file data-v6.txt (compact mmCIF, C-alpha atoms)
# COMPACT_ATOMS: atom_id res chain seq x y z
CA MET A 28 -26.40 -33.89 -3.77
CA TYR A 29 -26.36 -30.09 -3.49
CA LYS A 30 -27.54 -29.60 -7.07
CA LEU A 31 -30.56 -31.82 -6.37
CA PHE A 32 -31.22 -29.88 -3.17
CA PHE A 33 -30.96 -26.62 -5.11
CA GLN A 34 -33.51 -27.82 -7.66
CA LEU A 35 -35.94 -29.11 -5.04
CA VAL A 36 -35.61 -26.41 -2.38
CA PHE A 37 -33.61 -23.27 -3.11
CA LYS A 38 -34.85 -22.84 -6.68
CA ARG A 39 -38.44 -22.77 -5.40
CA MET A 40 -37.64 -20.09 -2.81
CA ASP A 41 -37.28 -16.36 -3.20
CA PRO A 42 -33.54 -15.85 -3.87
CA GLU A 43 -33.03 -13.45 -0.97
CA GLN A 44 -34.86 -15.75 1.45
CA ALA A 45 -32.76 -18.69 0.25
CA HIS A 46 -29.62 -16.62 0.79
CA HIS A 47 -30.60 -15.82 4.38
CA LEU A 48 -31.50 -19.46 5.07
CA ALA A 49 -28.17 -20.76 3.77
CA PHE A 50 -26.39 -17.97 5.61
CA ARG A 51 -27.98 -19.00 8.92
CA TRP A 52 -26.96 -22.63 8.39
CA ILE A 53 -23.36 -21.64 7.70
CA ARG A 54 -23.19 -19.40 10.77
CA ARG A 55 -24.71 -22.03 13.03
CA ALA A 56 -22.39 -24.77 11.79
CA ALA A 57 -19.38 -22.54 12.45
CA ARG A 58 -20.48 -22.09 16.09
CA VAL A 59 -20.38 -25.83 16.86
CA PRO A 60 -16.75 -26.85 17.54
CA VAL A 61 -16.95 -30.51 16.46
CA LEU A 62 -19.13 -29.80 13.44
CA ARG A 63 -16.96 -26.95 12.15
CA THR A 64 -13.82 -29.04 12.57
CA PHE A 65 -15.22 -31.88 10.48
CA ALA A 66 -16.69 -29.44 7.94
CA ALA A 67 -13.36 -27.66 7.50
CA ALA A 68 -11.53 -30.96 7.13
CA ALA A 69 -13.90 -32.00 4.34
CA LEU A 70 -14.39 -28.65 2.62
CA ALA A 71 -11.15 -26.80 3.21
CA PRO A 72 -8.21 -29.20 2.79
CA ARG A 73 -4.98 -27.27 2.34
CA HIS A 74 -2.76 -27.51 -0.73
CA GLU A 75 0.72 -26.35 0.19
CA GLU A 76 1.58 -25.56 -3.44
CA LEU A 77 -1.26 -23.02 -3.57
CA ARG A 78 -0.01 -20.89 -0.69
CA THR A 79 -0.11 -17.29 -1.83
CA GLU A 80 1.55 -14.06 -0.83
CA ALA A 81 -0.33 -10.95 -1.91
CA LEU A 82 -0.72 -7.42 -0.57
CA GLY A 83 1.98 -8.20 1.96
CA LEU A 84 -0.23 -10.99 3.38
CA ARG A 85 0.18 -14.75 3.48
CA MET A 86 -2.85 -16.80 2.54
CA HIS A 87 -3.63 -20.51 2.32
CA GLY A 88 -4.43 -20.04 -1.36
CA PRO A 89 -5.55 -17.51 -3.95
CA PHE A 90 -9.31 -18.09 -3.88
CA GLY A 91 -11.60 -15.92 -1.82
CA LEU A 92 -15.20 -14.87 -1.35
CA ALA A 93 -16.17 -11.67 -3.16
CA ALA A 94 -17.93 -8.83 -1.37
CA GLY A 95 -21.72 -8.95 -1.24
CA PHE A 96 -22.30 -12.29 0.47
CA ASP A 97 -21.35 -11.30 4.02
CA LYS A 98 -22.26 -7.63 4.14
CA ASN A 99 -22.05 -7.21 7.91
CA ALA A 100 -19.10 -9.43 8.90
CA VAL A 101 -21.25 -12.02 10.66
CA ALA A 102 -20.02 -15.23 8.97
CA ILE A 103 -16.29 -14.84 8.38
CA ASP A 104 -15.44 -18.08 10.18
CA GLY A 105 -18.27 -19.87 8.42
CA MET A 106 -16.93 -18.91 5.02
CA ALA A 107 -13.39 -19.85 6.02
CA MET A 108 -14.81 -23.20 7.16
CA LEU A 109 -16.12 -23.66 3.62
CA GLY A 110 -12.63 -23.19 2.21
CA PHE A 111 -12.38 -19.56 1.14
CA ASP A 112 -8.80 -18.33 1.56
CA HIS A 113 -9.91 -14.76 2.10
CA VAL A 114 -13.27 -13.24 2.87
CA GLU A 115 -14.17 -9.77 1.65
CA ILE A 116 -17.00 -8.34 3.74
CA GLY A 117 -19.34 -5.53 2.73
CA THR A 118 -20.05 -3.38 0.93
CA VAL A 119 -20.19 -1.29 4.13
CA THR A 120 -21.40 2.30 4.03
CA GLY A 121 -20.79 5.19 6.39
CA GLU A 122 -24.34 5.03 7.73
CA PRO A 123 -26.70 2.06 8.06
CA GLN A 124 -29.23 1.69 5.28
CA PRO A 125 -31.92 -0.84 4.32
CA GLY A 126 -31.02 -0.94 0.64
CA ASN A 127 -33.49 -0.89 -2.21
CA PRO A 128 -37.09 -2.14 -1.96
CA LYS A 129 -37.68 -5.87 -2.37
CA LYS A 130 -37.80 -7.83 -4.65
CA ARG A 131 -34.17 -7.05 -5.48
CA LEU A 132 -32.36 -10.33 -6.15
CA PHE A 133 -33.07 -12.56 -9.15
CA ARG A 134 -31.68 -15.88 -10.37
CA LEU A 135 -31.09 -16.47 -14.07
CA VAL A 136 -30.67 -20.22 -13.67
CA ALA A 137 -30.41 -20.96 -17.39
CA ASP A 138 -27.49 -18.54 -17.60
CA ARG A 139 -25.99 -19.43 -14.20
CA ALA A 140 -26.22 -15.77 -13.31
CA LEU A 141 -27.73 -13.40 -10.77
CA ILE A 142 -29.16 -9.91 -11.05
CA ASN A 143 -29.13 -7.82 -7.91
CA ARG A 144 -30.17 -4.31 -7.04
CA MET A 145 -29.62 -4.70 -3.31
CA GLY A 146 -28.40 -1.13 -2.89
CA PHE A 147 -25.69 -1.64 -0.24
CA ASN A 148 -28.07 -2.90 2.47
CA ASN A 149 -25.91 -3.06 5.61
CA GLU A 150 -25.71 -2.08 9.26
CA GLY A 151 -23.25 0.76 8.70
CA SER A 152 -19.55 1.19 9.39
CA ALA A 153 -19.87 1.82 13.14
CA ALA A 154 -21.75 -1.42 13.80
CA VAL A 155 -19.51 -3.48 11.51
CA ALA A 156 -16.37 -1.99 13.07
CA GLU A 157 -17.58 -2.94 16.55
CA ARG A 158 -18.32 -6.49 15.41
CA LEU A 159 -14.88 -6.86 13.87
CA ALA A 160 -13.20 -5.37 16.95
CA THR A 161 -14.84 -7.89 19.28
CA ARG A 162 -14.48 -10.90 16.98
CA THR A 163 -12.50 -13.93 18.18
CA PRO A 164 -11.39 -15.80 15.04
CA VAL A 165 -11.83 -19.55 14.91
CA PHE A 166 -10.06 -20.06 11.58
CA ARG A 167 -7.14 -18.06 10.27
CA THR A 168 -8.25 -16.19 7.19
CA THR A 169 -7.61 -12.87 5.53
CA VAL A 170 -10.41 -10.33 5.94
CA GLY A 171 -10.94 -7.62 3.36
CA VAL A 172 -13.31 -4.73 4.02
CA ASN A 173 -15.18 -3.25 1.06
CA ILE A 174 -16.55 0.28 1.57
CA GLY A 175 -19.03 2.29 -0.49
CA LYS A 176 -21.04 5.51 -0.47
CA THR A 177 -24.15 5.95 1.67
CA LYS A 178 -27.07 6.48 -0.71
CA ALA A 179 -28.33 9.61 1.10
CA VAL A 180 -24.93 11.30 0.89
CA PRO A 181 -24.66 13.64 -2.12
CA GLU A 182 -22.00 12.82 -4.66
CA ALA A 183 -20.18 16.04 -3.77
CA GLU A 184 -19.80 14.79 -0.18
CA ALA A 185 -18.77 11.24 -1.06
CA VAL A 186 -15.14 11.67 -0.02
CA GLY A 187 -16.11 12.48 3.56
CA ASP A 188 -18.41 9.47 3.70
CA TYR A 189 -15.66 7.11 2.55
CA VAL A 190 -13.19 8.70 4.97
CA LYS A 191 -15.60 8.15 7.87
CA SER A 192 -15.87 4.45 7.04
CA THR A 193 -12.10 4.22 6.64
CA GLU A 194 -11.48 5.76 10.05
CA ARG A 195 -13.83 3.23 11.64
CA LEU A 196 -12.84 0.11 9.73
CA ALA A 197 -9.21 0.33 8.61
CA ALA A 198 -7.81 -0.96 11.90
CA HIS A 199 -9.84 -4.16 11.50
CA ALA A 200 -9.08 -4.78 7.83
CA ASP A 201 -6.30 -6.91 6.40
CA TYR A 202 -6.98 -4.92 3.25
CA LEU A 203 -9.43 -2.17 2.31
CA VAL A 204 -11.41 -1.85 -0.94
CA VAL A 205 -12.98 1.33 -2.32
CA ASN A 206 -16.09 0.31 -4.24
CA VAL A 207 -17.01 2.89 -6.89
CA SER A 208 -18.52 0.43 -9.34
CA SER A 209 -21.86 -0.85 -8.07
CA PRO A 210 -24.68 0.14 -10.45
CA ASN A 211 -27.23 0.22 -7.63
CA THR A 212 -26.30 3.47 -5.86
CA PRO A 213 -27.18 6.57 -7.91
CA GLY A 214 -24.10 8.47 -9.05
CA LEU A 215 -21.63 5.97 -7.60
CA ARG A 216 -20.09 4.94 -10.92
CA ASN A 217 -19.38 8.60 -11.69
CA LEU A 218 -16.63 8.31 -9.07
CA GLN A 219 -14.69 6.00 -11.43
CA ALA A 220 -13.77 9.01 -13.57
CA THR A 221 -10.15 9.78 -12.73
CA GLU A 222 -10.83 13.42 -11.84
CA ALA A 223 -13.22 12.20 -9.11
CA LEU A 224 -11.34 9.03 -8.23
CA ARG A 225 -7.97 10.69 -7.58
CA PRO A 226 -9.05 12.84 -4.59
CA LEU A 227 -11.22 10.04 -3.22
CA LEU A 228 -8.44 7.45 -3.19
CA ALA A 229 -5.92 9.96 -1.86
CA ALA A 230 -8.24 10.87 1.01
CA VAL A 231 -8.92 7.23 1.89
CA ARG A 232 -5.19 6.46 1.79
CA GLU A 233 -4.45 9.39 4.11
CA ALA A 234 -7.23 8.39 6.49
CA ALA A 235 -6.04 4.78 6.65
CA ASP A 236 -2.45 5.86 7.34
CA ARG A 237 -3.57 8.35 9.99
CA THR A 238 -5.84 5.82 11.70
CA VAL A 239 -3.55 2.79 11.59
CA THR A 240 0.04 3.71 12.43
CA ASP A 241 1.59 0.32 13.23
CA ARG A 242 1.19 -1.14 9.72
CA ARG A 243 0.22 -0.16 6.20
CA VAL A 244 -3.34 -1.22 5.32
CA PRO A 245 -3.36 -2.29 1.65
CA LEU A 246 -5.79 -0.23 -0.43
CA LEU A 247 -7.55 -1.47 -3.58
CA VAL A 248 -10.22 -0.11 -5.89
CA LYS A 249 -12.99 -2.19 -7.48
CA ILE A 250 -13.99 -1.25 -11.01
CA ALA A 251 -16.87 -2.05 -13.36
CA PRO A 252 -16.65 -4.24 -16.47
CA ASP A 253 -18.63 -1.58 -18.33
CA LEU A 254 -15.74 0.89 -18.42
CA ALA A 255 -14.43 1.69 -21.88
CA ASP A 256 -10.94 0.35 -22.55
CA GLU A 257 -9.40 3.82 -22.36
CA ASP A 258 -11.01 4.34 -18.95
CA VAL A 259 -9.61 1.00 -17.74
CA ASP A 260 -6.18 2.26 -18.82
CA ALA A 261 -6.76 5.56 -17.00
CA VAL A 262 -7.67 3.79 -13.76
CA ALA A 263 -4.62 1.55 -14.09
CA ASP A 264 -2.34 4.55 -14.57
CA LEU A 265 -3.95 6.35 -11.63
CA ALA A 266 -3.51 3.31 -9.38
CA VAL A 267 0.20 3.22 -10.17
CA GLU A 268 0.53 6.99 -9.75
CA LEU A 269 -1.11 6.95 -6.30
CA GLY A 270 0.76 3.86 -5.13
CA LEU A 271 -2.41 1.83 -4.80
CA ASP A 272 -1.92 -1.79 -3.75
CA GLY A 273 -4.40 -3.38 -6.10
CA ILE A 274 -7.38 -3.34 -8.44
CA ILE A 275 -10.33 -5.73 -8.32
CA ALA A 276 -11.69 -6.54 -11.77
CA THR A 277 -14.62 -6.61 -11.99
CA ASN A 278 -17.92 -5.72 -10.34
CA THR A 279 -21.32 -6.58 -11.85
CA THR A 280 -22.42 -5.37 -15.28
CA ILE A 281 -25.44 -3.42 -16.50
CA ALA A 282 -25.03 -4.95 -19.97
CA ARG A 283 -27.67 -7.37 -21.26
CA ASP A 284 -27.93 -7.45 -25.06
CA THR A 285 -24.31 -8.43 -25.69
CA LEU A 286 -24.20 -11.32 -23.22
CA GLY A 287 -26.21 -13.95 -25.10
CA LEU A 288 -28.61 -14.50 -22.23
CA THR A 289 -31.14 -17.31 -22.60
CA SER A 290 -33.26 -16.80 -19.48
CA GLU A 291 -36.83 -15.58 -19.83
CA ALA A 292 -37.16 -11.96 -20.90
CA SER A 293 -38.99 -10.96 -17.72
CA LEU A 294 -35.87 -11.78 -15.72
CA VAL A 295 -33.33 -10.42 -18.16
CA LYS A 296 -35.03 -7.00 -18.17
CA GLU A 297 -34.76 -6.59 -14.39
CA THR A 298 -32.59 -3.63 -13.50
CA GLY A 299 -29.45 -4.06 -11.43
CA GLY A 300 -26.02 -5.57 -11.72
CA LEU A 301 -25.64 -8.92 -13.45
CA SER A 302 -23.04 -11.36 -12.14
CA GLY A 303 -22.08 -14.92 -12.91
CA ALA A 304 -21.13 -16.87 -16.02
CA PRO A 305 -22.15 -14.28 -18.66
CA LEU A 306 -19.68 -11.81 -17.15
CA LYS A 307 -16.76 -14.17 -17.65
CA GLU A 308 -15.47 -12.95 -21.02
CA ARG A 309 -15.50 -9.22 -20.34
CA SER A 310 -14.09 -9.60 -16.85
CA LEU A 311 -11.18 -11.59 -18.26
CA GLU A 312 -10.62 -8.95 -20.95
CA VAL A 313 -10.45 -6.16 -18.37
CA LEU A 314 -8.09 -8.17 -16.19
CA SER A 315 -5.73 -8.91 -19.09
CA ARG A 316 -5.75 -5.25 -20.12
CA LEU A 317 -4.93 -4.15 -16.57
CA TYR A 318 -2.03 -6.61 -16.29
CA ALA A 319 -0.63 -5.51 -19.65
CA ARG A 320 -0.70 -1.96 -18.29
CA VAL A 321 0.57 -2.39 -14.71
CA GLY A 322 2.46 -5.69 -14.76
CA THR A 323 3.66 -6.66 -11.31
CA ARG A 324 3.58 -3.14 -9.87
CA ILE A 325 0.23 -3.70 -8.20
CA THR A 326 -1.84 -6.75 -7.25
CA LEU A 327 -4.79 -7.67 -9.45
CA VAL A 328 -7.82 -9.58 -8.19
CA GLY A 329 -9.95 -11.42 -10.76
CA VAL A 330 -13.67 -11.79 -10.13
CA GLY A 331 -16.72 -12.28 -12.34
CA GLY A 332 -17.89 -15.60 -13.74
CA ILE A 333 -15.50 -17.85 -11.80
CA GLU A 334 -17.44 -21.11 -11.98
CA ASN A 335 -14.67 -23.69 -11.75
CA ALA A 336 -10.94 -24.28 -11.46
CA GLU A 337 -10.36 -23.66 -15.17
CA ASP A 338 -11.92 -20.20 -14.87
CA ALA A 339 -9.72 -19.44 -11.86
CA TRP A 340 -6.63 -20.75 -13.66
CA GLN A 341 -7.33 -18.56 -16.69
CA ARG A 342 -7.56 -15.50 -14.43
CA ILE A 343 -4.22 -16.33 -12.87
CA LEU A 344 -2.59 -16.77 -16.28
CA ALA A 345 -4.13 -13.44 -17.32
CA GLY A 346 -2.60 -11.61 -14.37
CA ALA A 347 -4.63 -12.19 -11.20
CA THR A 348 -2.71 -13.00 -8.04
CA LEU A 349 -6.00 -13.47 -6.21
CA VAL A 350 -9.32 -14.76 -7.52
CA GLN A 351 -12.80 -14.36 -6.02
CA GLY A 352 -16.18 -16.01 -6.50
CA TYR A 353 -19.74 -15.43 -5.37
CA SER A 354 -22.52 -16.16 -7.87
CA ALA A 355 -21.26 -19.66 -8.71
CA PHE A 356 -21.30 -20.46 -4.99
CA VAL A 357 -25.09 -20.17 -5.16
CA TYR A 358 -25.21 -22.81 -7.89
CA GLU A 359 -22.32 -25.04 -6.82
CA GLY A 360 -22.85 -25.14 -3.07
CA PRO A 361 -20.51 -25.97 -0.17
CA PHE A 362 -17.94 -27.93 -2.23
CA TYR A 363 -17.33 -24.94 -4.51
CA ALA A 364 -14.05 -23.76 -2.95
CA ARG A 365 -12.77 -27.32 -2.46
CA ALA A 366 -13.26 -28.05 -6.18
CA ILE A 367 -11.49 -24.82 -7.14
CA HIS A 368 -8.49 -25.64 -4.98
CA LYS A 369 -8.24 -29.23 -6.16
CA GLY A 370 -8.46 -28.20 -9.79
CA LEU A 371 -5.92 -25.39 -9.41
CA ALA A 372 -3.44 -27.74 -7.76
CA ALA A 373 -3.85 -30.20 -10.64
CA ARG A 374 -3.41 -27.49 -13.28
CA LEU A 375 -0.33 -26.11 -11.59
CA ALA A 376 1.20 -29.59 -11.39
CA ALA A 377 0.56 -30.13 -15.12
CA SER A 378 1.88 -26.71 -16.11
CA PRO A 379 5.44 -25.57 -16.87
CA TYR A 380 5.35 -23.26 -13.83
CA ALA A 381 7.07 -24.20 -10.60
CA THR A 382 4.87 -21.98 -8.45
CA LEU A 383 1.53 -20.27 -8.64
CA ALA A 384 3.28 -16.89 -8.51
CA GLU A 385 5.26 -17.83 -11.62
CA ALA A 386 2.01 -18.51 -13.49
CA VAL A 387 0.52 -15.10 -12.72
CA GLY A 388 0.24 -13.14 -15.96
CA ALA A 389 2.06 -15.75 -18.05
CA GLU A 390 -0.45 -15.76 -20.91
CA THR A 391 -0.79 -11.98 -21.01
CA ARG A 392 3.00 -11.62 -21.15
CA LYS A 393 3.12 -13.93 -24.19
CA VAL A 394 0.70 -11.67 -26.05
CA THR A 395 2.33 -8.36 -25.08
CA GLN A 396 5.98 -9.31 -25.53

call {"tool": "encode", "arguments": {"input": "data-v6.txt", "output": "structure tokens"}}
result
Amino acid sequence: MYKLFFQLVFKRMDPEQAHHLAFRWIRRAARVPVLRTFAAAALAPRHEELRTEALGLRMHGPFGLAAGFDKNAVAIDGMAMLGFDHVEIGTVTGEPQPGNPKKRLFRLVADRALINRMGFNNEGSAAVAERLATRTPVFRTTVGVNIGKTKAVPEAEAVGDYVKSTERLAAHADYLVVNVSSPNTPGLRNLQATEALRPLLAAVREAADRTVTDRRVPLLVKIAPDLADEDVDAVADLAVELGLDGIIATNTTIARDTLGLTSEASLVKETGGLSGAPLKERSLEVLSRLYARVGTRITLVGVGGIENAEDAWQRILAGATLVQGYSAFVYEGPFYARAIHKGLAARLAASPYATLAEAVGAETRKVTQ
């Protein structure tokens, strides 16, 4: 039903307008007690065998919503209603900003992909922090907060900008993510170099510990799939050195020629980060490389091209404790998370592993042993 609706309605709309329309429907449904109860029963049935412990947190399962969909923390309950086990909001910047000029979001339907150059459009860390502080949760879900650099802030002053967001948001985050990998903020990816990343992560860690004294807020970094293998290794080593809690692999890619894209050239040539099915192979490669390097010392989150349960299962076997989706949600619709959970439960039952935790990294260990 949804795929027909997508073809007849959403596909004919501007992608950003369609996003806002769907977003409004989700938010409104989550505000109606009876409707949200029935929706959650249909879309978010729980599978006890998928219960996951990660980052010191207990979750209903391993599958969450990647950052970018709910930039301003306005639909957390709506996304939980749709079955996402954790919701990562943002990217949030120190100051509010409108993002890049429209048109800035493009569908590559033939490739089941998206290209975006949104540019961290959000209301800013102060407004998002206030919203989170006054929120009364309807559904229990884990909330991650993804922070990035304000575009107007010079690269040399980036640390202070991240620290400001951390001071405002850490108290409201179940976990915190430093985003240094979006291709849509000039100079941002330069912060992935270890000489720049080390002081940034250390400063954010110190700010989180200083701001939140009654618990340790888990800190993760999100990296790009376009990093060279040796740079992936360097980030992995740095994460272990600094005692980071996790790495999210991966963000969108600026690659085009190597992805075998079949969409019309006018779309493929659009600048911005590409997400969705074509990112699947490289994202899995980066994840496997990270797990081979860090093992169980830190938590890995697999994202990029997760279309179905098999994709999620392969990320778990490669080393991901948590898995996230976004682009496929646009194409699959409201039953996306339900299908992932059902398929994961079936694969776990048919596997030689007694628990999901036992399956994490199993295939990568076979290769590296």

call {"tool": "residues_near_point", "arguments": {"input": "data-v6.txt", "point": "(-10.5, -14.2, -13.5)", "cutoff": "7 Å", "atoms": "only C-alpha atoms", "output": "short mmCIF file (atom, residue, chain, number, x, y, z; two decimals) with C-alpha atoms, in the coordinates of the input"}}
result
data_model
loop_
_atom_site.label_atom_id
_atom_site.label_comp_id
_atom_site.auth_asym_id
_atom_site.auth_seq_id
_atom_site.Cartn_x
_atom_site.Cartn_y
_atom_site.Cartn_z
CA SER A 310 -14.09 -9.60 -16.85
CA LEU A 311 -11.18 -11.59 -18.26
CA GLY A 329 -9.95 -11.42 -10.76
CA VAL A 330 -13.67 -11.79 -10.13
CA GLY A 331 -16.72 -12.28 -12.34
CA ILE A 333 -15.50 -17.85 -11.80
CA ASP A 338 -11.92 -20.20 -14.87
CA ALA A 339 -9.72 -19.44 -11.86
CA GLN A 341 -7.33 -18.56 -16.69
CA ARG A 342 -7.56 -15.50 -14.43
CA ILE A 343 -4.22 -16.33 -12.87
CA ALA A 347 -4.63 -12.19 -11.20
CA VAL A 350 -9.32 -14.76 -7.52
#

call {"tool": "closest_residue", "arguments": {"input": "data-v6.txt", "among": "A:Pro361, A:Pro128, A:Gly332, A:Gly388", "to": "Leu109 of chain A", "atoms": "only C-alpha atoms"}}
result
A:Pro361

call {"tool": "atom_distance", "arguments": {"input": "data-v6.txt", "atom1": "atom CA of Val295 of chain A", "atom2": "atom CA of Pro42 of chain A"}}
result
15.3 Å

call {"tool": "residues_near_point", "arguments": {"input": "data-v6.txt", "point": "(-19.3, -11.6, 3.4)", "cutoff": "9 Å", "atoms": "all atoms listed in the file", "output": "VMD selection string"}}
result
chain A and resid 92 to 103 106 114 to 118

call {"tool": "closest_residue", "arguments": {"input": "data-v6.txt", "among": "A:Leu224, A:Leu159, A:Leu271, A:Ile174", "to": "Ser209 of chain A", "atoms": "only C-alpha atoms"}}
result
A:Ile174

call {"tool": "residues_around", "arguments": {"input": "data-v6.txt", "residues": "Thr177 of chain A", "least_positions_apart": "4", "cutoff": "8 Å", "atoms": "all atoms listed in the file", "output": "PyMOL selection string"}}
result
chain A and resi 120-124+147+188

call {"tool": "atom_distance", "arguments": {"input": "data-v6.txt", "atom1": "atom CA of Phe111 of chain A", "atom2": "atom CA of Ala156 of chain A"}}
result
21.6 Å

call {"tool": "closest_residue", "arguments": {"input": "data-v6.txt", "among": "A:Val119, A:Ala266, A:Val136, A:Ala345", "to": "Gly151 of chain A", "atoms": "all atoms listed in the file"}}
result
A:Val119
